[in-house]
Amino acid sequence: MTKAIAFSEFGGADVLHPADIELPAPGPGQVRVAVRAVGVNPVDHRLRTGELAGLFGIVLPYVPGVELSGVVEGVGDGVSGFAPGDEVFGHATGGAYAEHALVKATELAHKPAGLGWEEAAAIPVAAETSERVLDVLGVRPGETLLVHGAAGGVGTLLLQFARARGITVVGTASEPNHAYLRELGAIPVAYGEGLAERVRAAAPGGVDRALDAAGRGGVLPLSIELTGSADRVLTIADVVGAQEHGVRFNGGVEGVEPHHRRAYAAALALYEEGTLRLPLHWVFPLSDAAEAQRVSEAGHLRGKIVLTVR
């Protein structure tokens with residue numbers, strides 16, 4: 001048996017509870033990881049409330065958690081490149097709020113020795129999402145991208161990936177995060193009334209594409225107005241708004257090719273250059289997973305929320 005945090009019914013953060021689960025055995029193509037840290041993501045609480053349960057086929061009781069760092073304990077048939085004792089980070093299909101979890105070998109990477117467990121656990125979802133949405137949107141070098149929710153976990157890596165590709169980013173965020181966005185190479189603008197005018201002033205040459213990573217009301221029609229077409233706008237946070245305004249939604253489970261390998265390579269290249277920034281908004285022990293999700297739901301993050309396991 002191994003210890004985990006699970007929920008047996010849908011609801012608020014209080015439905016999360018400690019649980020003893022069977023020690024997972026790696027199947028073909030899988031790796032069992034002794035977890036050291038877990039990234040907390042919006043999808044975690046959206047699964048817990050039941051909002052996305054049908055999309056992901058959730059079976060209760062359920063252990064959340066889709067990204068982790070840790071040490072390889074065992075490998076399944078057909079796995080090469082990983083061996084017990086390797087320090088790794090990667091994307092899990094669930095189950096990472098636990099002392100042990102399974103990861104597909106194709107969605108796993110070796111962790112550099114100098115990269116902390118917490119920082120490594122902050123890479124998988126944000127990096128894969130960033131690499132994927134830049135490709136889905138078709139943003140090209142020299143173009144300008146508008147990003148709503150630019151200071152969060154995804155935004156933090158997206159800005160760095162975009163800068164490496166030669167893309168100019170205008171990022172919306174609250175005033176206290178503007179200096180932070182400038183440090184990441186973005187042009188910050190404040191939320192609220194008059195946003196369109198502020199974006200036009202920040203990007204006098206116009207905005208070529210827009211990404212909604214925040215899910216705040218009103219940004220999708222505004223983004224369509226600024227880019228000139230719903231085809232140039234993508235949301236990863238507002239399913240209902242996407243349907244209402246004819247904007248594409250991409251949450252990573254719509255049949256689009258995953259970008260894990262390319263994303264990890266991009267993040268590690270920045271790490272080797274000494275320019276990768278992985279700020280942690282808050283670090284909680286696994287036992288405080290409910291509070292971590294409450295903070296995540298409240299929004300206005302700068303960087304990532306992470307749970308430490310051991």
# chains A, B, ... in the order shown; residues from 1 in each chain; ligands from 1

call {"tool": "closest_atom_pairs", "arguments": {"of": "range 29-61 of chain A", "to": "range 4-7 of chain A", "cutoff": "12 Å", "atoms": "only C-alpha atoms", "output": "tab-separated table"}}
result
residue	atom	partner	partner_atom	distance
A:Ala34	CA	A:Ala4	CA	12.0
A:Val35	CA	A:Ala4	CA	10.6
A:Val38	CA	A:Ile5	CA	11.6
A:Asp44	CA	A:Phe7	CA	11.0
A:His45	CA	A:Phe7	CA	10.7
A:Leu47	CA	A:Phe7	CA	9.9
A:Arg48	CA	A:Phe7	CA	7.1
A:Thr49	CA	A:Phe7	CA	9.9
A:Gly50	CA	A:Phe7	CA	10.8
A:Ile58	CA	A:Phe7	CA	10.9
A:Val59	CA	A:Phe7	CA	10.2
A:Leu60	CA	A:Phe7	CA	7.2
A:Pro61	CA	A:Phe7	CA	5.6

call {"tool": "select_by_dssp", "arguments": {"residues": "range 53-91 of chain A", "states": "alpha helix (DSSP H)", "output": "list in words"}}
result
Ala53, Gly54, Leu55 and Phe56 of chain A

call {"tool": "residues_around", "arguments": {"residues": "range 200-202 of chain A", "least_positions_apart": "2", "cutoff": "9 Å", "atoms": "only C-alpha atoms", "output": "PyMOL selection string"}}
result
chain A and resi 170+187-189+195-198+204-207+226

call {"tool": "write_last_selection", "arguments": {"atoms": "N, CA and C atoms", "output": "tab-separated table (two decimals), in the first residue's frame"}}
result
chain	number	residue	atom	x	y	z
A	170	VAL	N	2.39	40.46	-25.32
A	170	VAL	CA	1.71	41.43	-24.47
A	170	VAL	C	0.92	40.60	-23.46
A	187	ILE	N	5.40	42.57	-22.40
A	187	ILE	CA	4.90	43.92	-22.21
A	187	ILE	C	3.62	43.80	-21.37
A	188	PRO	N	3.61	44.27	-20.12
A	188	PRO	CA	2.44	44.07	-19.26
A	188	PRO	C	1.36	45.12	-19.49
A	189	VAL	N	0.10	44.68	-19.39
A	189	VAL	CA	-1.04	45.59	-19.39
A	189	VAL	C	-1.99	45.12	-18.29
A	195	LEU	N	-9.16	47.82	-21.42
A	195	LEU	CA	-8.08	46.89	-21.76
A	195	LEU	C	-7.72	46.95	-23.24
A	196	ALA	N	-8.72	47.01	-24.12
A	196	ALA	CA	-8.44	47.04	-25.56
A	196	ALA	C	-7.55	48.22	-25.92
A	197	GLU	N	-7.85	49.37	-25.36
A	197	GLU	CA	-7.05	50.56	-25.65
A	197	GLU	C	-5.63	50.41	-25.12
A	198	ARG	N	-5.48	49.81	-23.96
A	198	ARG	CA	-4.13	49.61	-23.40
A	198	ARG	C	-3.33	48.63	-24.25
A	204	PRO	N	1.33	48.89	-30.96
A	204	PRO	CA	0.80	49.76	-32.02
A	204	PRO	C	0.76	49.08	-33.39
A	205	GLY	N	1.57	48.05	-33.57
A	205	GLY	CA	1.55	47.32	-34.84
A	205	GLY	C	0.45	46.28	-34.92
A	206	GLY	N	-0.31	46.13	-33.83
A	206	GLY	CA	-1.40	45.17	-33.81
A	206	GLY	C	-1.04	43.86	-33.13
A	207	VAL	N	-2.07	43.09	-32.82
A	207	VAL	CA	-1.91	41.77	-32.19
A	207	VAL	C	-2.24	40.70	-33.22
A	226	LEU	N	-9.36	42.41	-31.28
A	226	LEU	CA	-7.98	42.85	-31.43
A	226	LEU	C	-7.22	42.09	-32.52

call {"tool": "residues_around", "arguments": {"residues": "range 261-263 of chain A", "least_positions_apart": "2", "cutoff": "10 Å", "atoms": "only C-alpha atoms", "output": "MDAnalysis selection string"}}
result
chainID A and resid 90 106:109 123:132 161 258:259 265:269

call {"tool": "closest_residue", "arguments": {"among": "A:Val33, A:Val136, A:Pro26, A:Val239", "to": "Arg209 in chain A", "atoms": "only C-alpha atoms"}}
result
A:Val136

call {"tool": "residues_around", "arguments": {"residues": "Ala122 in chain A", "least_positions_apart": "5", "cutoff": "9 Å", "atoms": "only C-alpha atoms", "output": "mmCIF file with N, CA, C and O atoms, in the first residue's frame"}}
result
data_model
loop_
_atom_site.group_PDB
_atom_site.id
_atom_site.type_symbol
_atom_site.label_atom_id
_atom_site.label_comp_id
_atom_site.auth_asym_id
_atom_site.auth_seq_id
_atom_site.Cartn_x
_atom_site.Cartn_y
_atom_site.Cartn_z
ATOM 1 N N ALA A 37 7.659 15.619 -5.402
ATOM 2 C CA ALA A 37 6.874 16.854 -5.464
ATOM 3 C C ALA A 37 5.824 16.726 -6.557
ATOM 4 O O ALA A 37 5.989 15.979 -7.520
ATOM 5 N N VAL A 38 4.717 17.468 -6.385
ATOM 6 C CA VAL A 38 3.575 17.415 -7.304
ATOM 7 C C VAL A 38 3.149 18.835 -7.645
ATOM 8 O O VAL A 38 2.997 19.674 -6.751
ATOM 9 N N GLY A 39 2.922 19.112 -8.923
ATOM 10 C CA GLY A 39 2.390 20.402 -9.322
ATOM 11 C C GLY A 39 0.884 20.449 -9.149
ATOM 12 O O GLY A 39 0.188 19.466 -9.409
ATOM 13 N N VAL A 40 0.364 21.581 -8.668
ATOM 14 C CA VAL A 40 -1.079 21.784 -8.526
ATOM 15 C C VAL A 40 -1.551 22.630 -9.702
ATOM 16 O O VAL A 40 -0.987 23.694 -9.985
ATOM 17 N N GLU A 67 1.190 16.047 -12.687
ATOM 18 C CA GLU A 67 2.615 16.280 -12.942
ATOM 19 C C GLU A 67 3.388 16.063 -11.652
ATOM 20 O O GLU A 67 2.880 16.312 -10.557
ATOM 21 N N LEU A 68 4.618 15.600 -11.806
ATOM 22 C CA LEU A 68 5.392 15.228 -10.625
ATOM 23 C C LEU A 68 6.883 15.253 -10.913
ATOM 24 O O LEU A 68 7.323 15.327 -12.064
ATOM 25 N N SER A 69 7.644 15.150 -9.837
ATOM 26 C CA SER A 69 9.069 14.837 -9.916
ATOM 27 C C SER A 69 9.345 13.764 -8.872
ATOM 28 O O SER A 69 8.608 13.645 -7.890
ATOM 29 N N TRP A 117 13.491 19.564 -6.681
ATOM 30 C CA TRP A 117 12.299 18.736 -6.885
ATOM 31 C C TRP A 117 11.072 19.588 -7.152
ATOM 32 O O TRP A 117 10.269 19.287 -8.051
ATOM 33 N N ALA A 127 4.985 23.494 -19.461
ATOM 34 C CA ALA A 127 5.836 23.397 -20.650
ATOM 35 C C ALA A 127 5.087 22.768 -21.815
ATOM 36 O O ALA A 127 5.115 23.292 -22.935
ATOM 37 N N GLY A 153 1.251 29.823 -13.800
ATOM 38 C CA GLY A 153 2.203 28.756 -14.083
ATOM 39 C C GLY A 153 2.430 28.550 -15.560
ATOM 40 O O GLY A 153 3.572 28.429 -16.023
ATOM 41 N N LEU A 278 11.465 29.408 -12.821
ATOM 42 C CA LEU A 278 10.360 28.567 -12.369
ATOM 43 C C LEU A 278 9.933 29.017 -10.970
ATOM 44 O O LEU A 278 10.128 28.307 -9.981
ATOM 45 N N PRO A 279 9.358 30.207 -10.846
ATOM 46 C CA PRO A 279 8.969 30.710 -9.529
ATOM 47 C C PRO A 279 7.853 29.877 -8.913
ATOM 48 O O PRO A 279 6.959 29.392 -9.619
ATOM 49 N N LEU A 280 7.909 29.707 -7.613
ATOM 50 C CA LEU A 280 6.899 28.946 -6.885
ATOM 51 C C LEU A 280 6.028 29.917 -6.091
ATOM 52 O O LEU A 280 6.526 30.638 -5.225
ATOM 53 N N GLY A 303 3.512 32.267 -10.774
ATOM 54 C CA GLY A 303 4.219 31.005 -10.810
ATOM 55 C C GLY A 303 3.324 29.859 -10.374
ATOM 56 O O GLY A 303 2.112 29.896 -10.537
ATOM 57 N N LYS A 304 3.913 28.833 -9.773
ATOM 58 C CA LYS A 304 3.246 27.551 -9.559
ATOM 59 C C LYS A 304 3.058 27.225 -8.080
ATOM 60 O O LYS A 304 3.863 27.571 -7.236
ATOM 61 N N ILE A 305 1.972 26.503 -7.795
ATOM 62 C CA ILE A 305 1.741 25.908 -6.481
ATOM 63 C C ILE A 305 2.231 24.459 -6.541
ATOM 64 O O ILE A 305 1.910 23.736 -7.497
ATOM 65 N N VAL A 306 2.971 24.039 -5.544
ATOM 66 C CA VAL A 306 3.560 22.701 -5.542
ATOM 67 C C VAL A 306 3.330 22.040 -4.185
ATOM 68 O O VAL A 306 3.335 22.712 -3.143
#

call {"tool": "closest_residue", "arguments": {"among": "A:Gly65, A:His260, A:Ala290, A:Glu297", "to": "Gly215 in chain A", "atoms": "only C-alpha atoms"}}
result
A:Glu297

call {"tool": "closest_residue", "arguments": {"among": "A:Tyr180, A:Phe249, A:Phe56, A:Trp282", "to": "Leu220 in chain A", "atoms": "only C-alpha atoms"}}
result
A:Phe249

call {"tool": "atom_distance", "arguments": {"atom1": "CA of Arg165 in chain A", "atom2": "CA of Ala230 in chain A"}}
result
23.4 Å

call {"tool": "atom_distance", "arguments": {"atom1": "CA of Ala190 in chain A", "atom2": "CA of His178 in chain A"}}
result
8.1 Å

call {"tool": "atom_distance", "arguments": {"atom1": "CA of Lys111 in chain A", "atom2": "CA of Tyr264 in chain A"}}
result
10.1 Å

call {"tool": "select_by_dssp", "arguments": {"residues": "range 79-282 of chain A", "states": "strand (DSSP E or B)", "output": "CSV table (one decimal) with all heavy atoms, in the first residue's frame"}}
result
chain,number,residue,atom,x,y,z
A,87,GLU,N,16.6,10.2,-11.3
A,87,GLU,CA,15.8,11.3,-10.9
A,87,GLU,C,15.1,11.9,-12.1
A,87,GLU,O,15.7,12.2,-13.1
A,87,GLU,CB,16.7,12.4,-10.2
A,87,GLU,CG,17.3,11.9,-8.9
A,87,GLU,CD,18.1,13.0,-8.2
A,87,GLU,OE1,18.2,14.1,-8.8
A,87,GLU,OE2,18.5,12.7,-7.1
A,88,VAL,N,13.8,12.0,-12.0
A,88,VAL,CA,13.0,12.4,-13.2
A,88,VAL,C,11.9,13.4,-12.9
A,88,VAL,O,11.6,13.7,-11.7
A,88,VAL,CB,12.3,11.1,-13.8
A,88,VAL,CG1,13.3,10.1,-14.3
A,88,VAL,CG2,11.4,10.4,-12.7
A,89,PHE,N,11.2,13.9,-13.9
A,89,PHE,CA,10.0,14.7,-13.8
A,89,PHE,C,9.1,14.3,-15.0
A,89,PHE,O,9.6,13.9,-16.1
A,89,PHE,CB,10.3,16.2,-13.7
A,89,PHE,CG,10.9,16.8,-15.0
A,89,PHE,CD1,10.1,17.3,-16.0
A,89,PHE,CD2,12.3,16.8,-15.1
A,89,PHE,CE1,10.6,17.9,-17.1
A,89,PHE,CE2,12.8,17.4,-16.3
A,89,PHE,CZ,12.0,17.9,-17.3
A,90,GLY,N,7.8,14.5,-14.9
A,90,GLY,CA,7.0,14.2,-16.0
A,90,GLY,C,5.5,14.4,-15.8
A,90,GLY,O,5.1,14.8,-14.7
A,91,HIS,N,4.7,14.0,-16.8
A,91,HIS,CA,3.3,14.2,-16.8
A,91,HIS,C,2.6,12.9,-16.5
A,91,HIS,O,2.9,11.9,-17.1
A,91,HIS,CB,2.8,14.7,-18.1
A,91,HIS,CG,1.4,14.9,-18.3
A,91,HIS,ND1,0.6,13.8,-18.8
A,91,HIS,CD2,0.5,15.9,-18.0
A,91,HIS,CE1,-0.7,14.2,-18.8
A,91,HIS,NE2,-0.7,15.5,-18.4
A,98,ALA,N,0.3,11.4,-4.4
A,98,ALA,CA,0.6,10.2,-3.7
A,98,ALA,C,2.1,10.0,-3.5
A,98,ALA,O,2.9,10.7,-4.1
A,98,ALA,CB,0.0,9.0,-4.5
A,100,HIS,N,3.6,7.3,-4.5
A,100,HIS,CA,4.0,6.6,-5.7
A,100,HIS,C,3.0,6.8,-6.8
A,100,HIS,O,1.8,6.8,-6.5
A,100,HIS,CB,4.2,5.1,-5.5
A,100,HIS,CG,5.2,4.7,-4.4
A,100,HIS,ND1,4.8,4.7,-3.1
A,100,HIS,CD2,6.5,4.4,-4.5
A,100,HIS,CE1,5.9,4.4,-2.3
A,100,HIS,NE2,6.9,4.2,-3.2
A,101,ALA,N,3.5,6.9,-8.0
A,101,ALA,CA,2.5,7.2,-9.2
A,101,ALA,C,3.2,6.6,-10.4
A,101,ALA,O,4.4,6.4,-10.5
A,101,ALA,CB,2.3,8.6,-9.3
A,102,LEU,N,2.3,6.4,-11.4
A,102,LEU,CA,2.7,5.8,-12.7
A,102,LEU,C,2.8,7.0,-13.8
A,102,LEU,O,2.0,7.8,-13.8
A,102,LEU,CB,1.8,4.8,-13.2
A,102,LEU,CG,1.7,3.5,-12.4
A,102,LEU,CD1,0.6,2.5,-13.0
A,102,LEU,CD2,3.0,2.8,-12.2
A,103,VAL,N,3.8,6.9,-14.6
A,103,VAL,CA,4.0,7.8,-15.7
A,103,VAL,C,4.4,7.1,-17.0
A,103,VAL,O,5.1,6.1,-16.9
A,103,VAL,CB,5.1,8.9,-15.4
A,103,VAL,CG1,5.3,9.9,-16.5
A,103,VAL,CG2,4.8,9.5,-14.0
A,104,LYS,N,3.8,7.5,-18.1
A,104,LYS,CA,4.2,6.9,-19.4
A,104,LYS,C,5.7,7.3,-19.6
A,104,LYS,O,6.0,8.5,-19.4
A,104,LYS,CB,3.4,7.4,-20.5
A,104,LYS,CG,1.9,7.0,-20.5
A,104,LYS,CD,1.2,7.5,-21.7
A,104,LYS,CE,-0.3,7.1,-21.7
A,104,LYS,NZ,-1.0,7.7,-22.8
A,108,LEU,N,8.1,11.4,-19.7
A,108,LEU,CA,9.0,11.5,-18.6
A,108,LEU,C,10.3,12.0,-19.1
A,108,LEU,O,10.7,11.8,-20.3
A,108,LEU,CB,9.2,10.1,-18.0
A,108,LEU,CG,9.8,10.0,-16.6
A,108,LEU,CD1,8.9,10.7,-15.6
A,108,LEU,CD2,10.0,8.5,-16.2
A,109,ALA,N,11.1,12.7,-18.3
A,109,ALA,CA,12.4,13.3,-18.6
A,109,ALA,C,13.3,13.1,-17.4
A,109,ALA,O,12.9,13.1,-16.3
A,109,ALA,CB,12.3,14.7,-19.1
A,110,HIS,N,14.6,13.1,-17.7
A,110,HIS,CA,15.6,13.1,-16.6
A,110,HIS,C,15.7,14.5,-16.0
A,110,HIS,O,15.8,15.4,-16.8
A,110,HIS,CB,16.9,12.6,-17.2
A,110,HIS,CG,16.9,11.1,-17.5
A,110,HIS,ND1,17.1,10.1,-16.6
A,110,HIS,CD2,16.8,10.5,-18.7
A,110,HIS,CE1,17.1,8.9,-17.2
A,110,HIS,NE2,16.9,9.1,-18.5
A,144,THR,N,3.2,39.2,-32.8
A,144,THR,CA,2.8,39.6,-31.4
A,144,THR,C,1.7,38.8,-30.9
A,144,THR,O,0.6,38.6,-31.6
A,144,THR,CB,2.4,41.1,-31.4
A,144,THR,OG1,3.5,41.9,-31.8
A,144,THR,CG2,2.0,41.5,-30.0
A,145,LEU,N,1.9,38.2,-29.7
A,145,LEU,CA,0.9,37.4,-29.1
A,145,LEU,C,0.3,38.0,-27.8
A,145,LEU,O,1.1,38.5,-27.0
A,145,LEU,CB,1.5,36.0,-28.7
A,145,LEU,CG,0.7,35.1,-27.8
A,145,LEU,CD1,-0.5,34.5,-28.6
A,145,LEU,CD2,1.6,33.9,-27.4
A,146,LEU,N,-1.0,38.1,-27.7
A,146,LEU,CA,-1.6,38.6,-26.5
A,146,LEU,C,-1.9,37.4,-25.6
A,146,LEU,O,-2.6,36.4,-26.0
A,146,LEU,CB,-2.9,39.3,-26.8
A,146,LEU,CG,-3.8,39.8,-25.7
A,146,LEU,CD1,-3.1,40.8,-24.8
A,146,LEU,CD2,-5.1,40.4,-26.2
A,147,VAL,N,-1.5,37.4,-24.3
A,147,VAL,CA,-1.7,36.4,-23.4
A,147,VAL,C,-2.5,36.9,-22.2
A,147,VAL,O,-2.0,37.8,-21.5
A,147,VAL,CB,-0.4,35.7,-22.9
A,147,VAL,CG1,-0.7,34.6,-21.9
A,147,VAL,CG2,0.4,35.1,-24.1
A,148,HIS,N,-3.7,36.3,-21.9
A,148,HIS,CA,-4.5,36.7,-20.7
A,148,HIS,C,-4.1,35.7,-19.6
A,148,HIS,O,-4.2,34.5,-19.8
A,148,HIS,CB,-6.0,36.6,-21.0
A,148,HIS,CG,-6.4,37.5,-22.1
A,148,HIS,ND1,-6.5,38.9,-21.9
A,148,HIS,CD2,-6.8,37.2,-23.4
A,148,HIS,CE1,-7.0,39.4,-23.0
A,148,HIS,NE2,-7.1,38.5,-24.0
A,152,GLY,N,0.7,33.4,-14.4
A,152,GLY,CA,0.5,32.1,-13.8
A,152,GLY,C,1.5,31.1,-14.2
A,152,GLY,O,2.5,31.4,-14.9
A,168,THR,N,6.9,38.4,-29.8
A,168,THR,CA,6.6,39.5,-28.8
A,168,THR,C,5.3,39.2,-28.1
A,168,THR,O,4.3,38.8,-28.7
A,168,THR,CB,6.5,40.8,-29.5
A,168,THR,OG1,7.7,41.2,-30.2
A,168,THR,CG2,6.1,41.9,-28.5
A,169,VAL,N,5.3,39.3,-26.8
A,169,VAL,CA,4.2,39.0,-26.0
A,169,VAL,C,3.7,40.2,-25.2
A,169,VAL,O,4.5,40.9,-24.5
A,169,VAL,CB,4.5,37.8,-24.9
A,169,VAL,CG1,3.2,37.6,-24.1
A,169,VAL,CG2,4.9,36.6,-25.6
A,170,VAL,N,2.4,40.5,-25.3
A,170,VAL,CA,1.7,41.4,-24.5
A,170,VAL,C,0.9,40.6,-23.5
A,170,VAL,O,0.1,39.8,-23.8
A,170,VAL,CB,0.8,42.3,-25.3
A,170,VAL,CG1,0.0,43.3,-24.3
A,170,VAL,CG2,1.5,43.1,-26.3
A,171,GLY,N,1.2,40.8,-22.2
A,171,GLY,CA,0.6,39.9,-21.2
A,171,GLY,C,-0.3,40.7,-20.2
A,171,GLY,O,0.1,41.8,-19.7
A,172,THR,N,-1.5,40.3,-20.0
A,172,THR,CA,-2.4,40.9,-19.1
A,172,THR,C,-2.2,40.3,-17.7
A,172,THR,O,-2.1,39.1,-17.5
A,172,THR,CB,-3.9,40.7,-19.5
A,172,THR,OG1,-4.3,39.4,-19.4
A,172,THR,CG2,-4.1,41.2,-20.9
A,173,ALA,N,-2.2,41.2,-16.7
A,173,ALA,CA,-2.0,40.7,-15.3
A,173,ALA,C,-2.3,41.9,-14.4
A,173,ALA,O,-2.5,43.0,-14.8
A,173,ALA,CB,-0.5,40.3,-15.1
A,187,ILE,N,5.4,42.6,-22.4
A,187,ILE,CA,4.9,43.9,-22.2
A,187,ILE,C,3.6,43.8,-21.4
A,187,ILE,O,2.6,43.3,-21.8
A,187,ILE,CB,4.6,44.6,-23.6
A,187,ILE,CG1,5.8,44.6,-24.5
A,187,ILE,CG2,4.1,46.0,-23.3
A,187,ILE,CD1,5.5,45.0,-25.9
A,188,PRO,N,3.6,44.3,-20.1
A,188,PRO,CA,2.4,44.1,-19.3
A,188,PRO,C,1.4,45.1,-19.5
A,188,PRO,O,1.7,46.3,-19.7
A,188,PRO,CB,3.0,44.2,-17.9
A,188,PRO,CG,4.2,45.1,-18.0
A,188,PRO,CD,4.7,44.9,-19.4
A,189,VAL,N,0.1,44.7,-19.4
A,189,VAL,CA,-1.0,45.6,-19.4
A,189,VAL,C,-2.0,45.1,-18.3
A,189,VAL,O,-2.1,43.9,-18.0
A,189,VAL,CB,-1.8,45.6,-20.8
A,189,VAL,CG1,-0.9,46.3,-21.8
A,189,VAL,CG2,-2.2,44.3,-21.2
A,190,ALA,N,-2.7,46.1,-17.7
A,190,ALA,CA,-3.6,45.7,-16.6
A,190,ALA,C,-5.0,45.3,-17.1
A,190,ALA,O,-5.5,45.7,-18.2
A,190,ALA,CB,-3.8,47.0,-15.7
A,209,ARG,N,-2.1,37.1,-32.6
A,209,ARG,CA,-2.8,36.0,-32.0
A,209,ARG,C,-3.1,36.3,-30.6
A,209,ARG,O,-2.5,37.2,-30.0
A,209,ARG,CB,-2.0,34.7,-32.1
A,209,ARG,CG,-1.2,34.5,-33.4
A,209,ARG,CD,-2.1,33.8,-34.5
A,209,ARG,NE,-1.4,33.8,-35.8
A,209,ARG,CZ,-1.9,33.2,-36.8
A,209,ARG,NH1,-3.0,32.5,-36.8
A,209,ARG,NH2,-1.2,33.2,-38.0
A,210,ALA,N,-4.0,35.5,-30.0
A,210,ALA,CA,-4.3,35.7,-28.6
A,210,ALA,C,-4.6,34.4,-27.9
A,210,ALA,O,-5.2,33.5,-28.5
A,210,ALA,CB,-5.6,36.6,-28.4
A,211,LEU,N,-4.1,34.3,-26.7
A,211,LEU,CA,-4.3,33.1,-25.8
A,211,LEU,C,-5.0,33.5,-24.5
A,211,LEU,O,-4.5,34.4,-23.8
A,211,LEU,CB,-3.0,32.4,-25.6
A,211,LEU,CG,-3.1,31.2,-24.5
A,211,LEU,CD1,-3.9,30.0,-25.1
A,211,LEU,CD2,-1.7,30.8,-24.0
A,212,ASP,N,-6.1,32.8,-24.2
A,212,ASP,CA,-6.7,33.0,-22.9
A,212,ASP,C,-6.3,31.9,-22.0
A,212,ASP,O,-6.8,30.7,-22.2
A,212,ASP,CB,-8.3,33.0,-23.1
A,212,ASP,CG,-9.0,32.9,-21.7
A,212,ASP,OD1,-8.4,33.4,-20.7
A,212,ASP,OD2,-10.1,32.3,-21.7
A,233,VAL,N,-7.7,33.2,-32.1
A,233,VAL,CA,-7.8,33.2,-30.6
A,233,VAL,C,-8.0,31.7,-30.2
A,233,VAL,O,-8.7,30.9,-30.8
A,233,VAL,CB,-9.0,34.0,-30.2
A,233,VAL,CG1,-9.2,34.0,-28.7
A,233,VAL,CG2,-8.9,35.5,-30.8
A,234,LEU,N,-7.3,31.4,-29.0
A,234,LEU,CA,-7.4,30.1,-28.4
A,234,LEU,C,-7.6,30.3,-26.9
A,234,LEU,O,-7.0,31.2,-26.3
A,234,LEU,CB,-6.1,29.3,-28.7
A,234,LEU,CG,-6.0,27.9,-28.2
A,234,LEU,CD1,-6.9,27.0,-29.0
A,234,LEU,CD2,-4.5,27.4,-28.2
A,235,THR,N,-8.4,29.4,-26.3
A,235,THR,CA,-8.5,29.4,-24.9
A,235,THR,C,-8.2,28.0,-24.3
A,235,THR,O,-8.6,27.0,-25.0
A,235,THR,CB,-9.9,29.8,-24.4
A,235,THR,OG1,-10.0,29.8,-23.0
A,235,THR,CG2,-11.0,29.0,-25.0
A,248,ARG,N,-11.6,28.5,-30.6
A,248,ARG,CA,-11.1,27.2,-30.3
A,248,ARG,C,-10.7,27.0,-28.8
A,248,ARG,O,-10.2,27.9,-28.2
A,248,ARG,CB,-9.8,26.9,-31.2
A,248,ARG,CG,-10.1,26.7,-32.6
A,248,ARG,CD,-8.8,26.5,-33.4
A,248,ARG,NE,-8.0,27.7,-33.4
A,248,ARG,CZ,-6.8,27.8,-33.9
A,248,ARG,NH1,-6.2,26.7,-34.4
A,248,ARG,NH2,-6.1,28.9,-33.9
A,249,PHE,N,-11.1,25.8,-28.3
A,249,PHE,CA,-10.7,25.4,-27.0
A,249,PHE,C,-9.7,24.3,-27.1
A,249,PHE,O,-9.9,23.4,-27.9
A,249,PHE,CB,-11.8,25.0,-26.1
A,249,PHE,CG,-11.5,24.4,-24.8
A,249,PHE,CD1,-11.2,25.2,-23.7
A,249,PHE,CD2,-11.4,23.0,-24.6
A,249,PHE,CE1,-10.8,24.7,-22.5
A,249,PHE,CE2,-11.0,22.5,-23.4
A,249,PHE,CZ,-10.7,23.3,-22.3
A,280,LEU,N,7.9,29.7,-7.6
A,280,LEU,CA,6.9,28.9,-6.9
A,280,LEU,C,6.0,29.9,-6.1
A,280,LEU,O,6.5,30.6,-5.2
A,280,LEU,CB,7.6,27.9,-6.0
A,280,LEU,CG,8.5,26.9,-6.6
A,280,LEU,CD1,9.2,26.1,-5.6
A,280,LEU,CD2,7.7,26.1,-7.6
A,281,HIS,N,4.7,29.9,-6.4
A,281,HIS,CA,3.8,30.8,-5.7
A,281,HIS,C,3.7,30.4,-4.2
A,281,HIS,O,3.6,31.2,-3.3
A,281,HIS,CB,2.5,30.8,-6.4
A,281,HIS,CG,1.4,31.7,-5.8
A,281,HIS,ND1,1.4,33.0,-6.1
A,281,HIS,CD2,0.5,31.5,-4.8
A,281,HIS,CE1,0.4,33.6,-5.4
A,281,HIS,NE2,-0.2,32.7,-4.6
A,282,TRP,N,3.6,29.1,-4.0
A,282,TRP,CA,3.4,28.5,-2.7
A,282,TRP,C,3.8,27.0,-2.7
A,282,TRP,O,3.5,26.3,-3.7
A,282,TRP,CB,2.0,28.7,-2.2
A,282,TRP,CG,1.8,28.8,-0.7
A,282,TRP,CD1,2.4,28.1,0.3
A,282,TRP,CD2,1.0,29.8,0.0
A,282,TRP,NE1,2.0,28.5,1.5
A,282,TRP,CE2,1.2,29.6,1.4
A,282,TRP,CE3,0.2,30.9,-0.5
A,282,TRP,CZ2,0.5,30.4,2.3
A,282,TRP,CZ3,-0.4,31.7,0.5
A,282,TRP,CH2,-0.2,31.4,1.8

call {"tool": "closest_residue", "arguments": {"among": "A:Ala150, A:Ile167, A:Ala186, A:Leu16", "to": "Ala213 in chain A", "atoms": "only C-alpha atoms"}}
result
A:Ala150

call {"tool": "closest_residue", "arguments": {"among": "A:Thr2, A:Asn250, A:Ser174, A:Thr227", "to": "His300 in chain A", "atoms": "only C-alpha atoms"}}
result
A:Ser174
